Amino acid sequence: MAKTLRSEPALARMFVALDPPDDARSAIAAWRDELFAGRSELRPVAEQALHVTLAFLGWQEESNAEAIAGAAFGAAGIRAPVLTPSGVEAVPPRRPRLFALDLDDEDGRCGELQEGVAGALATERFYEPEKRPFWPHITLGRVKRGARAEPTGEQPPPGAPFMATALVLYRSTLRPQGALYEPLARLRLGRDD
């Protein structure tokens with residue numbers, strides 16, 4: 001008697017994020033590289049992977065990507081957020097695992113967008129809301145396993161505000177050299193002008 005094998009659904013780690021425009025992303029990466037110069041205990045995030053996470057979804061069935069994007073993008077009815085780099089934060093402060101660029105959220109649009117996206121994804125049961133409040137930031141680099149990191153210097157970040165006009169559903173693949181982020185769907189947000 002032959003057994004029928006049921007195939008397991010293909011799973012992928014997914015998250016919804018805002019992408020900075022290319023010029024802002026390049027400026028942040030160049031500034032970060034100067035800040036991290038000579039710091040072998042730190043692994044910088046690849047320039048093309050710099051983003052503002054709005055909702056980390058964890059493991060999801062890949063076949064649900066279209067429905068996830070539909071829910072997230074359907075909640076994105078506001079104008080693109082304007083974000084301004086304001087400083088570096090060590091997370092956690094005492095024994096950091098990562099360093100992040102803190103972003104000021106002009107007019108609170110990023111927070112509103114995150115709330116709408118998270119709410120829509122939670123309603124569709126793709127997302128479990130986090131207990132901690134939303135913090136707009138870009139992860140600059142992570143501390144290598146087993147290493148300790150001292151705080152970064154007091155080098156002012158690139159202060160030019162940028163408009164985050166790309167809302168993206170990403171698949172995250174963990175690799176020894178750092179995570180690979182692949183866009184699965186993208187929505188262009190409205191601008192002020």
# chains A, B, ... in the order shown; residues from 1 in each chain; ligands from 1
>>> select_by_dssp(residues="range 86-169 of chain A", states="strand (DSSP E)", output="VMD selection string")
chain A and resid 86 to 91 98 to 106 137 to 143 162 to 163 166 to 169
>>> write_last_selection(atoms="C-alpha atoms", output="PDB file, in the first residue's frame")
ATOM      1  CA  SER A  86      18.908  62.308  14.730  1.00  0.00           C
ATOM      2  CA  GLY A  87      21.508  60.072  16.401  1.00  0.00           C
ATOM      3  CA  VAL A  88      22.830  56.581  17.086  1.00  0.00           C
ATOM      4  CA  GLU A  89      21.235  54.267  19.628  1.00  0.00           C
ATOM      5  CA  ALA A  90      22.880  51.172  21.118  1.00  0.00           C
ATOM      6  CA  VAL A  91      20.371  48.329  21.611  1.00  0.00           C
ATOM      7  CA  LEU A  98      23.138  46.324  17.422  1.00  0.00           C
ATOM      8  CA  PHE A  99      23.481  50.004  16.626  1.00  0.00           C
ATOM      9  CA  ALA A 100      20.603  51.900  15.021  1.00  0.00           C
ATOM     10  CA  LEU A 101      20.058  55.309  13.479  1.00  0.00           C
ATOM     11  CA  ASP A 102      17.253  57.051  15.373  1.00  0.00           C
ATOM     12  CA  LEU A 103      14.827  58.901  13.075  1.00  0.00           C
ATOM     13  CA  ASP A 104      12.620  61.891  13.901  1.00  0.00           C
ATOM     14  CA  ASP A 105       9.142  61.350  12.443  1.00  0.00           C
ATOM     15  CA  GLU A 106       7.955  64.706  11.050  1.00  0.00           C
ATOM     16  CA  HIS A 137      14.961  53.634  13.087  1.00  0.00           C
ATOM     17  CA  ILE A 138      17.384  52.038  10.643  1.00  0.00           C
ATOM     18  CA  THR A 139      19.629  49.241  11.896  1.00  0.00           C
ATOM     19  CA  LEU A 140      23.186  50.224  10.939  1.00  0.00           C
ATOM     20  CA  GLY A 141      25.079  47.155  12.105  1.00  0.00           C
ATOM     21  CA  ARG A 142      25.124  44.224  14.477  1.00  0.00           C
ATOM     22  CA  VAL A 143      27.678  43.091  17.035  1.00  0.00           C
ATOM     23  CA  PHE A 162      14.277  62.227   3.482  1.00  0.00           C
ATOM     24  CA  MET A 163      10.879  61.166   2.230  1.00  0.00           C
ATOM     25  CA  ALA A 166       8.538  53.003  -0.992  1.00  0.00           C
ATOM     26  CA  LEU A 167       6.530  50.572   1.170  1.00  0.00           C
ATOM     27  CA  VAL A 168       7.904  47.055   0.667  1.00  0.00           C
ATOM     28  CA  LEU A 169       7.034  43.487   1.663  1.00  0.00           C
TER      29      LEU A 169
END
>>> residues_around(residues="Phe36 in chain A", least_positions_apart="6", cutoff="9 Å", atoms="only C-alpha atoms", output="list of chain:residue names")
A:Leu42, A:Arg43, A:Pro44, A:Gly141, A:Thr152
>>> closest_residue(among="A:Gly116, A:His51, A:Gly74, A:Leu189", to="Thr165 in chain A", atoms="only C-alpha atoms")
A:Leu189
>>> closest_atom_pairs(of="range 156-185 of chain A", to="range 22-31 of chain A", cutoff="10 Å", atoms="only C-alpha atoms", output="Markdown table")
| residue | atom | partner | partner_atom | distance |
| --- | --- | --- | --- | --- |
| A:Pro156 | CA | A:Trp31 | CA | 9.0 |
| A:Pro157 | CA | A:Trp31 | CA | 6.9 |
| A:Pro158 | CA | A:Ile28 | CA | 6.5 |
| A:Gly159 | CA | A:Ile28 | CA | 9.6 |
| A:Ala160 | CA | A:Ala24 | CA | 8.1 |
| A:Pro161 | CA | A:Ala24 | CA | 8.4 |
| A:Phe162 | CA | A:Ala24 | CA | 6.5 |
| A:Met163 | CA | A:Ala24 | CA | 9.0 |
| A:Ala164 | CA | A:Ala24 | CA | 9.5 |
>>> atom_distance(atom1="CA of Gly70 in chain A", atom2="CA of Leu11 in chain A")
18.4 Å
>>> residues_around(residues="Glu41 in chain A", least_positions_apart="5", cutoff="10 Å", atoms="only C-alpha atoms", output="number ranges by chain")
A: 36, 142-150
>>> write_last_selection(atoms="C-alpha atoms", output="PDB file, in the first residue's frame")
ATOM      1  CA  PHE A  36      32.309  51.943  12.172  1.00  0.00           C
ATOM      2  CA  ARG A 142      25.124  44.224  14.477  1.00  0.00           C
ATOM      3  CA  VAL A 143      27.678  43.091  17.035  1.00  0.00           C
ATOM      4  CA  LYS A 144      29.359  39.864  15.938  1.00  0.00           C
ATOM      5  CA  ARG A 145      28.547  36.756  17.962  1.00  0.00           C
ATOM      6  CA  GLY A 146      30.679  36.509  21.093  1.00  0.00           C
ATOM      7  CA  ALA A 147      32.049  40.054  20.720  1.00  0.00           C
ATOM      8  CA  ARG A 148      31.505  43.073  22.938  1.00  0.00           C
ATOM      9  CA  ALA A 149      31.036  46.548  21.536  1.00  0.00           C
ATOM     10  CA  GLU A 150      31.685  49.917  23.073  1.00  0.00           C
TER      11      GLU A 150
END
>>> atom_distance(atom1="CA of Ala185 in chain A", atom2="CA of Ala67 in chain A")
10.6 Å
>>> atom_distance(atom1="CA of Gly178 in chain A", atom2="CA of Ala46 in chain A")
8.2 Å
>>> residues_around(residues="range 52-54 of chain A", least_positions_apart="5", cutoff="8 Å", atoms="only C-alpha atoms", output="PDB file with N, CA and C atoms, in the first residue's frame")
ATOM      1  N   PHE A  15       8.707  40.644   6.405  1.00  0.00           N
ATOM      2  CA  PHE A  15       8.460  41.881   7.137  1.00  0.00           C
ATOM      3  C   PHE A  15       8.054  42.965   6.150  1.00  0.00           C
ATOM      4  N   VAL A  16       7.381  43.994   6.670  1.00  0.00           N
ATOM      5  CA  VAL A  16       6.977  45.148   5.881  1.00  0.00           C
ATOM      6  C   VAL A  16       7.825  46.322   6.346  1.00  0.00           C
ATOM      7  N   ALA A  17       8.381  47.063   5.378  1.00  0.00           N
ATOM      8  CA  ALA A  17       9.306  48.141   5.716  1.00  0.00           C
ATOM      9  C   ALA A  17       9.158  49.316   4.761  1.00  0.00           C
ATOM     10  N   LEU A  18       9.713  50.446   5.185  1.00  0.00           N
ATOM     11  CA  LEU A  18       9.876  51.616   4.330  1.00  0.00           C
ATOM     12  C   LEU A  18      11.320  51.637   3.845  1.00  0.00           C
ATOM     13  N   ASP A  19      11.498  51.901   2.567  1.00  0.00           N
ATOM     14  CA  ASP A  19      12.842  52.071   2.024  1.00  0.00           C
ATOM     15  C   ASP A  19      13.161  53.547   1.907  1.00  0.00           C
ATOM     16  N   PRO A  20      14.357  53.960   2.359  1.00  0.00           N
ATOM     17  CA  PRO A  20      14.777  55.335   2.089  1.00  0.00           C
ATOM     18  C   PRO A  20      15.091  55.474   0.598  1.00  0.00           C
ATOM     19  N   GLN A 114       2.685  52.992  10.267  1.00  0.00           N
ATOM     20  CA  GLN A 114       2.980  51.739  10.961  1.00  0.00           C
ATOM     21  C   GLN A 114       1.732  51.210  11.661  1.00  0.00           C
ATOM     22  N   VAL A 117      -0.681  49.806   8.940  1.00  0.00           N
ATOM     23  CA  VAL A 117      -0.175  48.551   8.368  1.00  0.00           C
ATOM     24  C   VAL A 117      -0.285  47.424   9.390  1.00  0.00           C
ATOM     25  N   ALA A 118       0.188  47.684  10.616  1.00  0.00           N
ATOM     26  CA  ALA A 118       0.143  46.657  11.665  1.00  0.00           C
ATOM     27  C   ALA A 118      -1.286  46.239  11.971  1.00  0.00           C
ATOM     28  N   PHE A 134       6.198  51.607  18.759  1.00  0.00           N
ATOM     29  CA  PHE A 134       6.930  51.694  17.505  1.00  0.00           C
ATOM     30  C   PHE A 134       8.041  52.726  17.629  1.00  0.00           C
ATOM     31  N   PRO A 136      10.768  54.499  14.991  1.00  0.00           N
ATOM     32  CA  PRO A 136      11.328  54.608  13.649  1.00  0.00           C
ATOM     33  C   PRO A 136      12.861  54.674  13.709  1.00  0.00           C
ATOM     34  N   HIS A 137      13.503  53.710  13.083  1.00  0.00           N
ATOM     35  CA  HIS A 137      14.961  53.634  13.087  1.00  0.00           C
ATOM     36  C   HIS A 137      15.436  52.776  11.919  1.00  0.00           C
ATOM     37  N   ILE A 138      16.721  52.886  11.640  1.00  0.00           N
ATOM     38  CA  ILE A 138      17.384  52.038  10.643  1.00  0.00           C
ATOM     39  C   ILE A 138      18.514  51.320  11.353  1.00  0.00           C
ATOM     40  N   THR A 139      18.522  50.000  11.309  1.00  0.00           N
ATOM     41  CA  THR A 139      19.629  49.241  11.896  1.00  0.00           C
ATOM     42  C   THR A 139      20.867  49.441  11.030  1.00  0.00           C
TER      43      THR A 139
END
>>> select_by_dssp(residues="range 4-174 of chain A", states="helix (DSSP H, G or I)", output="count of residues only")
46
>>> decode(residues="range 25-98 of chain A", atoms="C-alpha atoms", output="mmCIF file, in the first residue's frame")
data_model
loop_
_atom_site.group_PDB
_atom_site.id
_atom_site.type_symbol
_atom_site.label_atom_id
_atom_site.label_comp_id
_atom_site.auth_asym_id
_atom_site.auth_seq_id
_atom_site.Cartn_x
_atom_site.Cartn_y
_atom_site.Cartn_z
ATOM 1 C CA ARG A 25 20.495 55.355 1.771
ATOM 2 C CA SER A 26 23.945 56.003 0.236
ATOM 3 C CA ALA A 27 24.582 58.991 2.531
ATOM 4 C CA ILE A 28 23.611 56.975 5.609
ATOM 5 C CA ALA A 29 25.799 54.029 4.542
ATOM 6 C CA ALA A 30 28.829 56.279 3.890
ATOM 7 C CA TRP A 31 28.403 58.024 7.252
ATOM 8 C CA ARG A 32 27.944 54.661 9.019
ATOM 9 C CA ASP A 33 31.087 53.277 7.368
ATOM 10 C CA GLU A 34 33.096 56.208 8.805
ATOM 11 C CA LEU A 35 31.488 55.677 12.213
ATOM 12 C CA PHE A 36 32.309 51.943 12.172
ATOM 13 C CA ALA A 37 35.845 52.318 10.712
ATOM 14 C CA GLY A 38 38.299 50.053 12.543
ATOM 15 C CA ARG A 39 35.499 48.335 14.493
ATOM 16 C CA SER A 40 36.058 44.638 13.669
ATOM 17 C CA GLU A 41 33.466 43.576 16.269
ATOM 18 C CA LEU A 42 30.689 45.145 14.172
ATOM 19 C CA ARG A 43 29.041 43.742 11.034
ATOM 20 C CA PRO A 44 27.501 46.601 9.015
ATOM 21 C CA VAL A 45 24.142 46.039 7.350
ATOM 22 C CA ALA A 46 24.557 46.044 3.562
ATOM 23 C CA GLU A 47 23.693 49.428 2.034
ATOM 24 C CA GLN A 48 20.844 48.038 -0.089
ATOM 25 C CA ALA A 49 19.352 46.437 3.067
ATOM 26 C CA LEU A 50 18.988 49.679 5.084
ATOM 27 C CA HIS A 51 15.274 50.133 5.831
ATOM 28 C CA VAL A 52 12.705 51.134 8.473
ATOM 29 C CA THR A 53 10.805 48.060 9.679
ATOM 30 C CA LEU A 54 7.092 48.673 10.224
ATOM 31 C CA ALA A 55 5.955 45.107 10.992
ATOM 32 C CA PHE A 56 8.029 41.943 11.393
ATOM 33 C CA LEU A 57 5.755 39.046 10.463
ATOM 34 C CA GLY A 58 8.014 36.082 11.234
ATOM 35 C CA TRP A 59 7.465 32.836 9.348
ATOM 36 C CA GLN A 60 4.671 33.015 6.779
ATOM 37 C CA GLU A 61 3.531 30.724 4.000
ATOM 38 C CA GLU A 62 5.021 32.063 0.775
ATOM 39 C CA SER A 63 1.696 31.482 -0.964
ATOM 40 C CA ASN A 64 0.223 34.204 1.302
ATOM 41 C CA ALA A 65 2.609 36.920 0.056
ATOM 42 C CA GLU A 66 0.016 38.489 -2.249
ATOM 43 C CA ALA A 67 -2.635 38.590 0.502
ATOM 44 C CA ILE A 68 -0.101 40.006 2.987
ATOM 45 C CA ALA A 69 0.919 42.743 0.546
ATOM 46 C CA GLY A 70 -2.740 43.495 -0.190
ATOM 47 C CA ALA A 71 -3.549 43.943 3.498
ATOM 48 C CA ALA A 72 -0.435 46.026 4.232
ATOM 49 C CA PHE A 73 -0.688 48.200 1.130
ATOM 50 C CA GLY A 74 -4.436 48.708 1.524
ATOM 51 C CA ALA A 75 -3.744 50.450 4.824
ATOM 52 C CA ALA A 76 -1.223 52.862 3.288
ATOM 53 C CA GLY A 77 -3.564 55.739 2.450
ATOM 54 C CA ILE A 78 -1.397 58.540 3.850
ATOM 55 C CA ARG A 79 1.397 60.582 2.333
ATOM 56 C CA ALA A 80 4.983 59.374 2.462
ATOM 57 C CA PRO A 81 6.625 59.985 5.852
ATOM 58 C CA VAL A 82 9.424 62.531 6.178
ATOM 59 C CA LEU A 83 12.194 61.185 8.430
ATOM 60 C CA THR A 84 15.274 62.975 9.784
ATOM 61 C CA PRO A 85 18.351 61.157 11.151
ATOM 62 C CA SER A 86 18.908 62.308 14.730
ATOM 63 C CA GLY A 87 21.508 60.072 16.401
ATOM 64 C CA VAL A 88 22.830 56.581 17.086
ATOM 65 C CA GLU A 89 21.235 54.267 19.628
ATOM 66 C CA ALA A 90 22.880 51.172 21.118
ATOM 67 C CA VAL A 91 20.371 48.329 21.611
ATOM 68 C CA PRO A 92 20.307 47.396 24.423
ATOM 69 C CA PRO A 93 22.273 50.305 25.908
ATOM 70 C CA ARG A 94 24.473 48.332 28.346
ATOM 71 C CA ARG A 95 25.685 45.456 26.181
ATOM 72 C CA PRO A 96 24.610 46.306 22.647
ATOM 73 C CA ARG A 97 23.674 43.682 20.082
ATOM 74 C CA LEU A 98 23.138 46.324 17.422
#
